[in-house]
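What follows is a single structure, written as structure tokens, with notes after it.
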Amino acid sequence: MLSHWSRAINRLSRPIMMKHAQSWKGLLVLPHRDFAKISAASAPTAIHSSETGLSDSSGTAANLGKMFRSKPCSLALAPDSPLRVEEPNYEGIKRFFLEIMLFYSKQSKSIRGANVVYQRILSQVNKPPVYEVFNLEKTFKTTFSLLILHMWLFLRRLKEEGKEGAEFGQYVYEIYNHDVELRVSKAGVNLLLTKWMKDLEKIFYGNIVAYDTAMLPEAKQDVLVNAVWRNIFSEDGSPLPTDLAVQSAVQAMARYARRESLCLSLTDREAIFSGNFIFTPLKSLTKPTKDGQLK
């Protein structure tokens, strides 16, 4: 774990993400062809827009229409939650040596907290229900897009913490960037890795600006819906189709994003910086049959 923190510290040479978002204002929608090459190397081709609708007659679309309309609430974990991660409080000679090693320095604590935060993000993105609920195929493209969405949600919350939030956001971003680099390598992209990382970085900033723009007070409701469609669901940047099932899924994700943003705003500072929060759990829309199998 200490070696992982050291790698994260060594990578903190890039300018903070918040200072660079302005340079990507024109990248509200980036070409999806960049995803295509990586997706082909890592997973089957993502489903096309005509295939993303939930075509069963179980009332799924109606369920999606009702989802994420409840009143926002804090996402902080309860004091007695088994999911909480507490700062180690060593004593005696062990603490003395750890203090010498700067284990309890502000930077070390921030990096530990940032690691916990990123694990919370990964946990939400990696769980099957997020793909099942919104009817998404799990490919590099969809996972990467959902990762960006949840990174944006958290970084947006950090803006409320001023300079300290911006500094903490840099740690989280660098951990995310290292993880994406590993994912790209595992997907089989070994040549021109630096170029791919730059392309994915542009996509990251483009999505961030698109979501921020959609959340402006003067923005219309459908701006976020369209941003979610283009960045997560669409394969070719085409307009949102008229298929009601597809629209229901996209609108539900837009509501989910808005609600999570409000929930994070209600989450206290300690939970945010320690990572002791959890995104709203998503429940699969599939129902168990009599033999216990999911259909």
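Ligands are numbered from 1 in the order shown, residues from 1 within each chain, and chains are lettered A, B, ... in the order they appear in the structure tokens.
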Next on the checklist: At a cut-off of 10 Å, using only C-alpha atoms, what residues contact Ser265 (chain A)? Leave out same-chain residues fewer than 4 positions from it and give the result as a VMD selection string.
Outcome noted: chain A and resid 72 to 75 153 to 154 156 to 158 160 259 to 261 269 272
Item to check | Non-local contacts of Phe68 (chain A) (8 Å; only C-alpha atoms; under 6 positions in same chain excluded) as a PyMOL selection string | outcome: chain A and resi 252+255-256+259
Suppose we keep N, CA and C atoms; can you now write the selection as a PDB file, in the first residue's frame?
```
ATOM      1  N   ALA A 252     -33.409   8.386 -17.029  1.00  0.00           N
ATOM      2  CA  ALA A 252     -33.205   7.867 -15.672  1.00  0.00           C
ATOM      3  C   ALA A 252     -31.774   8.115 -15.218  1.00  0.00           C
ATOM      4  N   ARG A 255     -31.396  11.736 -14.301  1.00  0.00           N
ATOM      5  CA  ARG A 255     -31.975  11.982 -12.966  1.00  0.00           C
ATOM      6  C   ARG A 255     -31.048  11.448 -11.882  1.00  0.00           C
ATOM      7  N   TYR A 256     -30.478  10.288 -12.132  1.00  0.00           N
ATOM      8  CA  TYR A 256     -29.531   9.694 -11.186  1.00  0.00           C
ATOM      9  C   TYR A 256     -28.354  10.636 -10.950  1.00  0.00           C
ATOM     10  N   ARG A 259     -29.465  13.685  -8.926  1.00  0.00           N
ATOM     11  CA  ARG A 259     -29.737  13.337  -7.534  1.00  0.00           C
ATOM     12  C   ARG A 259     -28.444  13.055  -6.771  1.00  0.00           C
TER      13      ARG A 259
END
```
Checklist entry - Near Arg112 (chain A), counting only C-alpha atoms, which residues have an atom at most 9 Å away, once you skip same-chain residues fewer than 4 positions from it, shown as a PyMOL selection string? => result chain A and resi 5+87+107-108+116-117+274
Show me, as a PDB file with all heavy atoms, in the first residue's frame, the residues that have an atom within 8 Å of Ile278 (chain A) when counting only C-alpha atoms, minus same-chain residues fewer than 6 positions from it.
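This went into out-v3.pdb:
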```pdb
ATOM      1  N   LEU A  75     -24.902  11.004   1.650  1.00  0.00           N
ATOM      2  CA  LEU A  75     -24.372   9.687   1.309  1.00  0.00           C
ATOM      3  C   LEU A  75     -23.346   9.203   2.337  1.00  0.00           C
ATOM      4  O   LEU A  75     -22.730   8.151   2.149  1.00  0.00           O
ATOM      5  CB  LEU A  75     -23.711   9.730  -0.079  1.00  0.00           C
ATOM      6  CG  LEU A  75     -24.612  10.123  -1.250  1.00  0.00           C
ATOM      7  CD1 LEU A  75     -23.811  10.130  -2.553  1.00  0.00           C
ATOM      8  CD2 LEU A  75     -25.802   9.182  -1.374  1.00  0.00           C
ATOM      9  N   ALA A  76     -23.165   9.958   3.412  1.00  0.00           N
ATOM     10  CA  ALA A  76     -22.185   9.598   4.438  1.00  0.00           C
ATOM     11  C   ALA A  76     -22.551   8.280   5.106  1.00  0.00           C
ATOM     12  O   ALA A  76     -23.727   7.997   5.356  1.00  0.00           O
ATOM     13  CB  ALA A  76     -22.086  10.701   5.484  1.00  0.00           C
ATOM     14  N   LEU A  77     -21.544   7.478   5.370  1.00  0.00           N
ATOM     15  CA  LEU A  77     -21.758   6.211   6.061  1.00  0.00           C
ATOM     16  C   LEU A  77     -22.032   6.460   7.545  1.00  0.00           C
ATOM     17  O   LEU A  77     -21.464   7.379   8.144  1.00  0.00           O
ATOM     18  CB  LEU A  77     -20.531   5.315   5.904  1.00  0.00           C
ATOM     19  CG  LEU A  77     -20.252   4.795   4.493  1.00  0.00           C
ATOM     20  CD1 LEU A  77     -18.869   4.160   4.423  1.00  0.00           C
ATOM     21  CD2 LEU A  77     -21.312   3.782   4.074  1.00  0.00           C
ATOM     22  N   ARG A 120     -14.437   3.839  -3.802  1.00  0.00           N
ATOM     23  CA  ARG A 120     -15.900   4.011  -3.759  1.00  0.00           C
ATOM     24  C   ARG A 120     -16.446   4.212  -5.167  1.00  0.00           C
ATOM     25  O   ARG A 120     -17.495   3.659  -5.527  1.00  0.00           O
ATOM     26  CB  ARG A 120     -16.275   5.223  -2.897  1.00  0.00           C
ATOM     27  CG  ARG A 120     -15.783   5.198  -1.469  1.00  0.00           C
ATOM     28  CD  ARG A 120     -16.393   4.096  -0.644  1.00  0.00           C
ATOM     29  NE  ARG A 120     -16.014   4.259   0.768  1.00  0.00           N
ATOM     30  CZ  ARG A 120     -16.116   3.318   1.682  1.00  0.00           C
ATOM     31  NH1 ARG A 120     -16.606   2.130   1.364  1.00  0.00           N
ATOM     32  NH2 ARG A 120     -15.746   3.552   2.938  1.00  0.00           N
TER      33      ARG A 120
END
```
Per-residue nearest contacts region 91-143 of chain A to region 172-192 of chain A, cut-off 10 Å, using only C-alpha atoms, as JSON lines:
```
{"residue": "A:Ser110", "atom": "CA", "partner": "A:Val172", "partner_atom": "CA", "distance": 9.2}
{"residue": "A:Ile111", "atom": "CA", "partner": "A:Val172", "partner_atom": "CA", "distance": 7.9}
{"residue": "A:Arg112", "atom": "CA", "partner": "A:Val172", "partner_atom": "CA", "distance": 9.9}
{"residue": "A:Gly113", "atom": "CA", "partner": "A:Val172", "partner_atom": "CA", "distance": 8.7}
{"residue": "A:Ala114", "atom": "CA", "partner": "A:Val172", "partner_atom": "CA", "distance": 5.0}
{"residue": "A:Asn115", "atom": "CA", "partner": "A:Val172", "partner_atom": "CA", "distance": 7.0}
{"residue": "A:Val116", "atom": "CA", "partner": "A:Val172", "partner_atom": "CA", "distance": 9.3}
{"residue": "A:Val117", "atom": "CA", "partner": "A:Val172", "partner_atom": "CA", "distance": 7.4}
{"residue": "A:Tyr118", "atom": "CA", "partner": "A:Val172", "partner_atom": "CA", "distance": 6.5}
{"residue": "A:Gln119", "atom": "CA", "partner": "A:Tyr176", "partner_atom": "CA", "distance": 9.8}
{"residue": "A:Ile121", "atom": "CA", "partner": "A:Tyr176", "partner_atom": "CA", "distance": 9.7}
{"residue": "A:Leu122", "atom": "CA", "partner": "A:Tyr176", "partner_atom": "CA", "distance": 9.5}
{"residue": "A:Phe140", "atom": "CA", "partner": "A:Ala187", "partner_atom": "CA", "distance": 8.2}
```
Export of the given selection (all heavy atoms) as a compact mmCIF listing (two decimals), in the first residue's frame:
```
# COMPACT_ATOMS: atom_id res chain seq x y z
N SER A 110 -4.10 12.74 2.87
CA SER A 110 -4.91 13.06 1.69
C SER A 110 -4.85 11.95 0.66
O SER A 110 -5.85 11.59 0.04
CB SER A 110 -4.44 14.38 1.07
OG SER A 110 -4.68 15.47 1.93
N ILE A 111 -3.68 11.38 0.47
CA ILE A 111 -3.52 10.30 -0.51
C ILE A 111 -4.27 9.06 -0.06
O ILE A 111 -4.93 8.38 -0.87
CB ILE A 111 -2.03 9.98 -0.74
CG1 ILE A 111 -1.36 11.15 -1.46
CG2 ILE A 111 -1.86 8.70 -1.57
CD1 ILE A 111 0.13 11.00 -1.63
N ARG A 112 -4.25 8.76 1.24
CA ARG A 112 -5.02 7.62 1.74
C ARG A 112 -6.51 7.86 1.52
O ARG A 112 -7.24 6.97 1.09
CB ARG A 112 -4.71 7.38 3.22
CG ARG A 112 -3.34 6.78 3.49
CD ARG A 112 -3.25 6.17 4.88
NE ARG A 112 -3.29 7.18 5.93
CZ ARG A 112 -2.23 7.88 6.36
NH1 ARG A 112 -1.05 7.70 5.78
NH2 ARG A 112 -2.35 8.75 7.33
N GLY A 113 -6.95 9.07 1.84
CA GLY A 113 -8.36 9.39 1.62
C GLY A 113 -8.75 9.33 0.16
O GLY A 113 -9.82 8.81 -0.19
N ALA A 114 -7.87 9.82 -0.71
CA ALA A 114 -8.14 9.80 -2.15
C ALA A 114 -8.24 8.38 -2.68
O ALA A 114 -9.06 8.08 -3.55
CB ALA A 114 -7.05 10.57 -2.90
N ASN A 115 -7.41 7.48 -2.15
CA ASN A 115 -7.49 6.08 -2.54
C ASN A 115 -8.82 5.46 -2.15
O ASN A 115 -9.43 4.71 -2.91
CB ASN A 115 -6.34 5.28 -1.92
CG ASN A 115 -5.09 5.26 -2.78
OD1 ASN A 115 -5.01 4.52 -3.76
ND2 ASN A 115 -4.11 6.08 -2.43
N VAL A 116 -9.30 5.79 -0.94
CA VAL A 116 -10.59 5.27 -0.49
C VAL A 116 -11.70 5.83 -1.38
O VAL A 116 -12.60 5.09 -1.80
CB VAL A 116 -10.84 5.64 0.99
CG1 VAL A 116 -12.24 5.17 1.41
CG2 VAL A 116 -9.79 5.01 1.89
N VAL A 117 -11.63 7.12 -1.68
CA VAL A 117 -12.65 7.74 -2.54
C VAL A 117 -12.69 7.04 -3.89
O VAL A 117 -13.77 6.71 -4.40
CB VAL A 117 -12.34 9.24 -2.74
CG1 VAL A 117 -13.15 9.81 -3.91
CG2 VAL A 117 -12.63 10.01 -1.47
N TYR A 118 -11.52 6.80 -4.47
CA TYR A 118 -11.51 6.18 -5.79
C TYR A 118 -12.05 4.76 -5.75
O TYR A 118 -12.71 4.31 -6.69
CB TYR A 118 -10.11 6.20 -6.39
CG TYR A 118 -10.11 5.83 -7.85
CD1 TYR A 118 -10.73 6.65 -8.79
CD2 TYR A 118 -9.53 4.64 -8.31
CE1 TYR A 118 -10.77 6.31 -10.13
CE2 TYR A 118 -9.57 4.30 -9.64
CZ TYR A 118 -10.19 5.14 -10.54
OH TYR A 118 -10.24 4.79 -11.88
N GLN A 119 -11.81 4.06 -4.65
CA GLN A 119 -12.38 2.72 -4.51
C GLN A 119 -13.90 2.78 -4.42
O GLN A 119 -14.60 1.89 -4.92
CB GLN A 119 -11.80 2.03 -3.27
CG GLN A 119 -10.34 1.63 -3.42
CD GLN A 119 -10.09 0.74 -4.63
OE1 GLN A 119 -10.82 -0.22 -4.86
NE2 GLN A 119 -9.08 1.08 -5.42
N ILE A 121 -15.74 5.00 -5.95
CA ILE A 121 -16.16 5.26 -7.33
C ILE A 121 -16.11 3.96 -8.13
O ILE A 121 -17.05 3.61 -8.85
CB ILE A 121 -15.28 6.34 -7.97
CG1 ILE A 121 -15.54 7.69 -7.30
CG2 ILE A 121 -15.55 6.43 -9.47
CD1 ILE A 121 -14.60 8.80 -7.75
N LEU A 122 -14.99 3.24 -8.02
CA LEU A 122 -14.84 1.98 -8.75
C LEU A 122 -15.92 0.97 -8.35
O LEU A 122 -16.44 0.24 -9.19
CB LEU A 122 -13.46 1.38 -8.50
CG LEU A 122 -12.27 1.98 -9.24
CD1 LEU A 122 -11.02 1.20 -8.91
CD2 LEU A 122 -12.51 2.00 -10.74
N PHE A 140 -15.27 -1.50 -22.57
CA PHE A 140 -14.33 -0.48 -22.13
C PHE A 140 -14.98 0.89 -22.22
O PHE A 140 -14.86 1.73 -21.33
CB PHE A 140 -13.06 -0.50 -22.99
CG PHE A 140 -12.02 0.51 -22.57
CD1 PHE A 140 -11.00 0.14 -21.72
CD2 PHE A 140 -12.09 1.83 -23.01
CE1 PHE A 140 -10.04 1.08 -21.31
CE2 PHE A 140 -11.15 2.77 -22.61
CZ PHE A 140 -10.13 2.39 -21.76
```
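Straight-line separation from CA of Lys127 (chain A) to CA of Tyr171 (chain A): 23.8 Å.
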